[in-house]
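So this block is coords.txt, compact mmCIF, C-alpha atoms:
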# COMPACT_ATOMS: atom_id res chain seq x y z
CA MET A 22 74.33 -15.32 -51.33
CA ARG A 23 73.62 -14.24 -47.76
CA PHE A 24 70.24 -13.29 -46.30
CA THR A 25 69.49 -12.07 -42.78
CA PHE A 26 66.12 -13.51 -41.91
CA SER A 27 65.32 -11.11 -39.06
CA ARG A 28 66.09 -8.12 -41.27
CA LEU A 29 64.05 -9.44 -44.17
CA LEU A 30 60.98 -9.67 -41.98
CA LEU A 31 61.12 -5.87 -41.84
CA VAL A 32 60.98 -5.55 -45.63
CA LEU A 33 57.21 -5.90 -45.84
CA PRO A 34 56.20 -2.54 -44.28
CA ILE A 35 59.14 -0.86 -46.07
CA VAL A 36 57.79 -2.05 -49.42
CA ALA A 37 54.38 -0.62 -48.62
CA PHE A 38 55.92 2.70 -47.57
CA LEU A 39 58.08 3.08 -50.68
CA ILE A 40 55.22 2.24 -53.00
CA CYS A 41 53.39 5.25 -51.60
CA HIS A 42 56.33 7.65 -51.34
CA SER A 43 59.17 6.85 -53.74
CA SER A 44 59.83 6.35 -57.43
CA ILE A 45 62.68 6.49 -59.90
CA ALA A 46 62.99 9.78 -61.75
CA GLN A 47 62.50 8.19 -65.15
CA ASN A 48 59.80 9.30 -67.53
CA LEU A 49 58.86 6.17 -69.45
CA LYS A 50 58.35 6.73 -73.16
CA LYS A 51 55.63 4.59 -74.66
CA VAL A 52 56.90 2.73 -77.72
CA LYS A 53 53.68 1.04 -78.71
CA GLU A 54 50.27 -0.01 -77.44
CA ILE A 55 48.33 -2.89 -78.95
CA LYS A 56 44.90 -4.39 -78.42
CA ALA A 57 45.88 -7.98 -77.67
CA GLY A 58 42.81 -9.57 -76.08
CA LYS A 59 42.13 -11.48 -72.89
CA ILE A 60 45.49 -12.43 -71.38
CA GLU A 61 45.76 -15.06 -68.65
CA SER A 62 49.51 -15.19 -67.98
CA VAL A 63 52.85 -13.83 -69.21
CA ALA A 64 56.53 -14.79 -69.42
CA ILE A 65 59.85 -13.51 -70.74
CA ASP A 66 63.03 -15.15 -72.06
CA ARG A 67 66.70 -14.19 -71.66
CA LEU A 68 66.70 -12.28 -74.96
CA GLY A 69 63.88 -9.98 -73.84
CA ASP A 70 61.16 -11.55 -75.98
CA PHE A 71 57.72 -11.52 -74.36
CA PHE A 72 55.21 -14.39 -74.17
CA LEU A 73 51.47 -13.84 -73.72
CA VAL A 74 49.04 -16.66 -72.90
CA PHE A 75 45.50 -15.91 -74.06
CA LYS A 76 42.16 -17.06 -72.69
CA ASN A 77 41.57 -19.26 -75.75
CA GLY A 78 44.82 -21.12 -74.97
CA GLU A 79 46.96 -19.58 -77.71
CA ILE A 80 50.50 -18.48 -76.79
CA LYS A 81 52.22 -15.70 -78.73
CA LYS A 82 55.86 -14.65 -78.63
CA TYR A 83 56.67 -10.98 -79.27
CA ASP A 84 59.89 -9.04 -79.75
CA ALA A 85 60.73 -5.80 -77.93
CA ASN A 86 58.73 -3.75 -80.46
CA GLY A 87 55.56 -5.82 -80.23
CA LYS A 88 56.08 -7.86 -83.40
CA VAL A 89 54.77 -11.43 -83.26
CA LEU A 90 57.67 -13.85 -83.71
CA ALA A 91 55.94 -17.19 -83.16
CA SER A 92 52.73 -18.66 -81.83
CA LEU A 93 51.32 -21.91 -80.48
CA LYS A 94 47.65 -22.79 -80.72
CA LYS A 95 46.33 -24.71 -77.71
CA ASN A 96 42.74 -25.59 -76.89
CA LYS A 97 43.18 -24.70 -73.22
CA ILE A 98 45.28 -22.46 -70.99
CA VAL A 99 48.58 -23.99 -69.93
CA THR A 100 49.38 -24.10 -66.21
CA LEU A 101 52.92 -22.71 -66.48
CA ILE A 102 55.19 -21.49 -69.24
CA GLU A 103 58.91 -20.90 -68.70
CA PRO A 104 61.00 -19.73 -71.68
CA TRP A 105 63.93 -18.37 -69.61
CA TYR A 106 66.35 -21.16 -70.51
CA HIS A 107 66.70 -20.08 -74.13
CA PRO A 108 66.26 -21.53 -76.71
CA LYS A 109 63.93 -24.03 -75.00
CA ILE A 110 60.36 -23.15 -74.06
CA PHE A 111 59.02 -25.21 -71.15
CA VAL A 112 55.26 -25.71 -70.80
CA TYR A 113 53.43 -27.58 -68.04
CA ASP A 114 49.81 -28.78 -68.22
CA GLN A 115 48.62 -29.69 -64.71
CA LYS A 116 45.36 -31.33 -65.79
CA GLU A 117 47.14 -33.72 -68.15
CA GLN A 118 50.24 -33.91 -65.89
CA GLN A 119 52.21 -33.33 -69.04
CA ILE A 120 55.44 -31.47 -69.81
CA ALA A 121 56.21 -30.15 -73.29
CA ILE A 122 59.51 -28.61 -74.33
CA TYR A 123 59.55 -26.63 -77.58
CA ASP A 124 62.25 -24.87 -79.56
CA ARG A 125 62.25 -21.07 -79.76
CA ASN A 126 59.62 -21.11 -82.55
CA PHE A 127 57.28 -23.55 -80.78
CA GLN A 128 58.40 -26.33 -83.10
CA SER A 129 59.80 -29.85 -82.50
CA PRO A 130 58.01 -30.53 -79.21
CA ASP A 131 59.39 -33.05 -76.74
CA ILE A 132 56.28 -34.16 -74.83
CA ARG A 133 56.51 -36.24 -71.66
CA GLN A 134 54.11 -37.46 -69.01
CA LEU A 135 55.10 -36.58 -65.48
CA GLU A 136 55.97 -39.81 -63.66
CA PRO A 137 52.96 -40.56 -61.36
CA SER A 138 55.17 -41.74 -58.50
CA ILE A 139 56.76 -38.28 -58.17
CA ALA A 140 53.65 -36.52 -56.85
CA ILE A 141 50.08 -37.37 -55.89
CA ARG A 142 48.72 -34.02 -57.09
CA PRO A 143 51.39 -32.19 -59.09
CA LEU A 144 50.16 -28.60 -59.04
CA LEU A 145 53.22 -27.00 -60.61
CA ALA A 146 56.37 -28.07 -62.41
CA CYS A 147 59.22 -25.89 -63.63
CA PRO A 148 62.78 -26.30 -64.95
CA THR A 149 65.94 -25.46 -63.01
CA ASN A 150 69.21 -23.92 -64.12
CA ASP A 151 70.98 -27.30 -63.81
CA ASN A 152 68.54 -29.07 -66.16
CA LYS A 153 66.48 -30.67 -63.39
CA LEU A 154 62.79 -30.33 -62.60
CA LEU A 155 60.96 -28.89 -59.60
CA VAL A 156 57.54 -30.40 -58.80
CA LEU A 157 55.10 -28.99 -56.24
CA ASP A 158 52.75 -31.64 -54.84
CA GLY A 159 49.41 -30.16 -53.78
CA ALA A 160 48.63 -33.21 -51.64
CA ASP A 161 51.25 -32.43 -48.98
CA PHE A 162 52.82 -29.18 -50.29
CA SER A 163 56.18 -30.83 -50.83
CA ILE A 164 58.64 -29.61 -53.45
CA LYS A 165 60.74 -32.30 -55.07
CA LYS A 166 63.77 -31.81 -57.28
CA VAL A 167 63.75 -34.48 -59.96
CA ASN A 168 66.26 -35.70 -62.51
CA PRO A 169 64.09 -35.97 -65.66
CA ALA A 170 66.51 -38.45 -67.23
CA ASN A 171 65.59 -41.20 -64.75
CA ASN A 172 62.81 -39.63 -62.57
CA GLU A 173 65.04 -39.85 -59.50
CA VAL A 174 64.05 -37.47 -56.67
CA THR A 175 67.33 -35.84 -55.60
CA SER A 176 65.93 -33.59 -52.85
CA GLU A 177 62.64 -32.78 -51.13
CA PHE A 178 61.22 -30.35 -48.59
CA TYR A 179 57.81 -29.18 -47.38
CA VAL A 180 56.34 -25.72 -47.85
CA ASP A 181 55.01 -24.04 -44.73
CA SER A 182 51.21 -24.21 -45.03
CA ALA A 183 50.28 -24.19 -41.33
CA GLU A 184 49.04 -20.59 -41.07
CA SER A 185 46.74 -20.58 -44.09
CA LYS A 186 45.98 -22.75 -47.08
CA PRO A 187 48.09 -21.38 -49.94
CA ASN A 188 46.99 -21.04 -53.54
CA PHE A 189 50.20 -21.42 -55.51
CA VAL A 190 49.95 -20.47 -59.18
CA TYR A 191 53.59 -20.08 -60.25
CA MET A 192 57.00 -21.46 -59.29
CA ARG A 193 60.48 -20.42 -60.38
CA ASP A 194 64.07 -21.45 -59.75
CA TYR A 195 66.48 -18.49 -59.71
CA GLN A 196 69.83 -17.68 -58.07
CA ASN A 197 69.76 -21.01 -56.17
CA LEU A 198 66.45 -20.05 -54.57
CA ILE A 199 62.88 -21.24 -55.13
CA PHE A 200 60.16 -18.63 -55.58
CA LEU A 201 56.44 -19.34 -55.26
CA LEU A 202 53.54 -17.03 -56.10
CA ASP A 203 50.69 -17.52 -53.64
CA LYS A 204 47.55 -15.74 -54.86
CA ASN A 205 46.42 -15.44 -51.24
CA SER A 206 49.53 -13.81 -49.80
CA GLY A 207 52.30 -12.91 -52.26
CA VAL A 208 55.79 -14.14 -53.15
CA VAL A 209 57.31 -16.79 -50.86
CA ILE A 210 61.04 -17.52 -51.10
CA TYR A 211 62.83 -20.71 -49.99
CA ASN A 212 66.41 -21.85 -50.26
CA THR A 213 67.20 -25.21 -51.80
CA VAL A 214 67.11 -27.06 -48.46
CA GLY A 215 63.66 -25.76 -47.59
CA LYS A 216 64.39 -22.84 -45.27
CA LYS A 217 61.90 -20.00 -45.70
CA ILE A 218 63.93 -16.90 -46.56
CA ASN A 219 61.26 -14.27 -47.08
CA HIS A 220 57.59 -13.60 -47.75
CA LEU A 221 56.78 -10.45 -49.72
CA LYS A 222 53.15 -9.51 -49.24
CA THR A 223 51.57 -8.46 -52.53
CA ASP A 224 48.48 -9.08 -54.62
CA ALA A 225 50.52 -9.16 -57.82
CA ASN A 226 49.49 -11.58 -60.57
CA ASN A 227 53.07 -12.34 -61.64
CA PHE A 228 56.68 -11.67 -60.78
CA GLY A 229 59.99 -11.83 -62.62
CA PHE A 230 63.69 -11.10 -62.34
CA PHE A 231 65.87 -8.29 -63.60
CA GLY A 232 69.47 -9.19 -62.90
CA GLU A 233 69.76 -9.48 -59.12
CA GLU A 234 66.32 -7.96 -58.52
CA LEU A 235 62.90 -9.53 -58.15
CA TYR A 236 60.13 -7.37 -59.58
CA PHE A 237 56.33 -7.30 -59.44
CA LEU A 238 53.50 -4.87 -60.10
CA GLN A 239 51.87 -3.24 -57.07
CA ASP A 240 49.09 -0.73 -57.75
CA ASP A 241 50.57 1.50 -60.50
CA LYS A 242 54.26 0.84 -59.83
CA VAL A 243 56.86 -1.80 -60.60
CA VAL A 244 58.61 -2.77 -57.36
CA PHE A 245 62.23 -3.96 -57.69
CA PHE A 246 63.63 -5.86 -54.67
CA ASP A 247 67.38 -6.54 -54.71
CA LEU A 248 68.09 -10.13 -53.66
CA TYR A 249 71.61 -9.25 -52.43
CA THR A 250 71.36 -5.81 -50.81
CA GLU A 251 67.64 -5.92 -49.92
CA LYS A 252 67.27 -2.42 -51.39
CA ILE A 253 63.99 -1.47 -53.02
CA ARG A 254 63.26 0.85 -55.92
CA VAL A 255 60.03 1.52 -57.74
CA VAL A 256 59.07 2.76 -61.20
CA SER A 257 55.71 4.34 -61.95
CA VAL A 258 54.14 2.64 -64.94
CA GLY A 259 50.35 2.78 -64.51
CA LYS A 260 47.75 0.30 -63.34
CA GLY A 261 47.66 -3.10 -64.95
CA LYS A 262 47.24 -6.85 -64.57
CA PHE A 263 50.75 -8.12 -65.45
CA VAL A 264 54.20 -6.63 -65.95
CA LEU A 265 57.40 -7.86 -67.64
CA VAL A 266 60.79 -6.17 -67.63
CA SER A 267 63.77 -6.53 -69.99
CA ASP A 268 66.99 -4.57 -70.50
CA GLU A 269 65.19 -2.13 -72.79
CA ARG A 270 61.45 -2.52 -72.24
CA ILE A 271 58.70 -2.64 -69.68
CA LEU A 272 55.58 -4.44 -70.89
CA LEU A 273 52.34 -3.63 -69.09
CA VAL A 274 49.24 -5.75 -69.64
CA LYS A 275 46.14 -3.74 -68.77
CA GLU A 276 42.85 -5.07 -67.46
CA ASN A 277 41.11 -4.11 -70.72
CA GLY A 278 43.33 -6.45 -72.76
CA ARG A 279 45.59 -3.73 -74.14
CA VAL A 280 49.37 -4.09 -73.92
CA ALA A 281 51.69 -1.10 -73.56
CA LEU A 282 55.43 -1.21 -74.30
CA PHE A 283 57.71 1.41 -72.73
CA GLU A 284 61.37 2.25 -73.20
CA PHE A 285 63.29 1.38 -70.05
CA ASN A 286 66.81 2.08 -68.87
CA GLY A 287 67.19 -0.42 -66.05
CA LYS A 288 70.48 1.07 -64.88
CA ASP A 289 68.75 4.13 -63.48
CA SER A 290 68.42 4.19 -59.69
CA PRO A 291 66.98 6.61 -57.17
CA ASP A 292 69.24 9.19 -55.49
Starting from the file, lay out its structure as structure tokens.
Amino acid sequence: MRFTFSRLLLVLPIVAFLICHSSIAQNLKKVKEIKAGKIESVAIDRLGDFFLVFKNGEIKKYDANGKVLASLKKNKIVTLIEPWYHPKIFVYDQKEQQIAIYDRNFQSPDIRQLEPSIAIRPLLACPTNDNKLLVLDGADFSIKKVNPANNEVTSEFYVDSAESKPNFVYMRDYQNLIFLLDKNSGVVIYNTVGKKINHLKTDANNFGFFGEELYFLQDDKVVFFDLYTEKIRVVSVGKGKFVLVSDERILLVKENGRVALFEFNGKDSPD
């Protein structure tokens, strides 16, 4: 994958312009709307099943039609959930510094304590596509790649925190890049050796991936940013708190706790 850093710096005002002036000519058909409750975070797996994390700590897994497939009762909200590497569901609890890996039905948990020597203040931990672990240390804003089999740190770099103190709430490994969601400034992208590739300014509460595109909710639109071509497209979906996208659905979590499911043909593109 090739990125031109100087060109990517120009993406930020382009994103803002397209959000105001462009959209895909696709009328989304609502499949279902449910009253779910207070939702604190969301996730999606490779099969297009949706995961909702509720304020009471419970996690529910839904299919594309809004049917509950499985659930996990917790007494507190987990820090990060990552079900992408199907059939495993990865859950990180920052307060307990604990990792739990469940099967697709939230059964047979493999629970491990994060090795204390890896990080002084492990804010976030997430799995990688090569079965390793990424750990973000809030003490020095370093990201370490760890072999969970022996707790060996195989690589390490430091996140740029000189300009402002970041508030990282989510981390993801995708396409040999590392993506961080900073609640203060947006989505920050690094390569695996620590070079900052891009910084997409947004106040989105989550982001995800649709093939080669990164997506997030901005105002009432889903913004799709192509990681290869740098092209941007947007889909009008309505105002909300979170958004998830699969091959056939867009899930919109609204501020009032309702969840709307729309039919989606992701192959459509603007003229």
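Among A:Val280, A:Leu101, A:Val274, A:Ala225, the residue with the shortest atom-to-atom distance to Lys56 of chain A, counting all atoms listed in the file, is A:Val280.
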Exercise for the section: Kindly give the distance, in Å, that separates atom CA of Thr175 of chain A and atom CA of Leu235 of chain A, rounded to a single decimal. Expected result: 26.8 Å
Exercise for the section: Mind giving me the straight-line distance from atom CA of Leu248 of chain A to atom CA of Tyr191 of chain A in Å, one decimal? Expected result: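 Going from atom CA of Leu248 of chain A over to atom CA of Tyr191 of chain A, I get 18.8 Å.
The spacing separating atom CA of Ser185 of chain A from atom CA of Lys97 of chain A amounts to 29.6 Å.
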Practice task
For each of A:Cys147, A:Val208, A:Ile132, A:Val256, take the minimum atom-to-atom distance to Leu49 of chain A, counting all atoms listed in the file, then give the residue where this is smallest.
Solution key: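 Of A:Cys147, A:Val208, A:Ile132, A:Val256, the one nearest Leu49 of chain A, counting all atoms listed in the file, is A:Val256.
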Problem - Exercise: Ser92 of chain A partners within 7 Å, all atoms listed in the file, chain neighbours under 5 positions left out, as a list of chain:residue names - result: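 With the cut-off at 7 Å, the set is A:Ile80, A:Lys81, A:Lys82, A:Phe127.
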Exercise for the section: Would you please work out which residue, of A:Ile60, A:Lys50, A:Pro143, A:Gly159, is nearest to Asn277 of chain A when using only C-alpha atoms? Expected result: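 Using only C-alpha atoms, Asn277 of chain A sits closest to A:Ile60.
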Spatial neighbours of Leu202 of chain A, max dist 7 Å, only C-alpha atoms, sep filter under 5 positions, as a short mmCIF file (atom, residue, chain, number, x, y, z; two decimals) with C-alpha atoms, in the frame of the given file:
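The file below, out_18.cif, is the result:
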data_model
loop_
_atom_site.label_atom_id
_atom_site.label_comp_id
_atom_site.auth_asym_id
_atom_site.auth_seq_id
_atom_site.Cartn_x
_atom_site.Cartn_y
_atom_site.Cartn_z
CA PHE A 189 50.20 -21.42 -55.51
CA VAL A 190 49.95 -20.47 -59.18
CA TYR A 191 53.59 -20.08 -60.25
CA MET A 192 57.00 -21.46 -59.29
CA GLY A 207 52.30 -12.91 -52.26
CA VAL A 208 55.79 -14.14 -53.15
CA VAL A 209 57.31 -16.79 -50.86
#
Spatial neighbours of segment 258-261 of chain A, 7 Å, all atoms listed in the file, chain gap at least 4 places, as a compact mmCIF listing (two decimals) with C-alpha atoms, in the frame of the given file:
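That gives us around13.txt:
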# COMPACT_ATOMS: atom_id res chain seq x y z
CA ASP A 240 49.09 -0.73 -57.75
CA ASP A 241 50.57 1.50 -60.50
CA LYS A 242 54.26 0.84 -59.83
CA VAL A 243 56.86 -1.80 -60.60
CA LEU A 273 52.34 -3.63 -69.09
CA VAL A 274 49.24 -5.75 -69.64
CA LYS A 275 46.14 -3.74 -68.77
CA GLU A 276 42.85 -5.07 -67.46
Problem - Within-7 Å shell of (47.1, -32.3, -63.6) in input frame, only C-alpha atoms, as a ChimeraX atom specification - result: /A:114-118,142-144
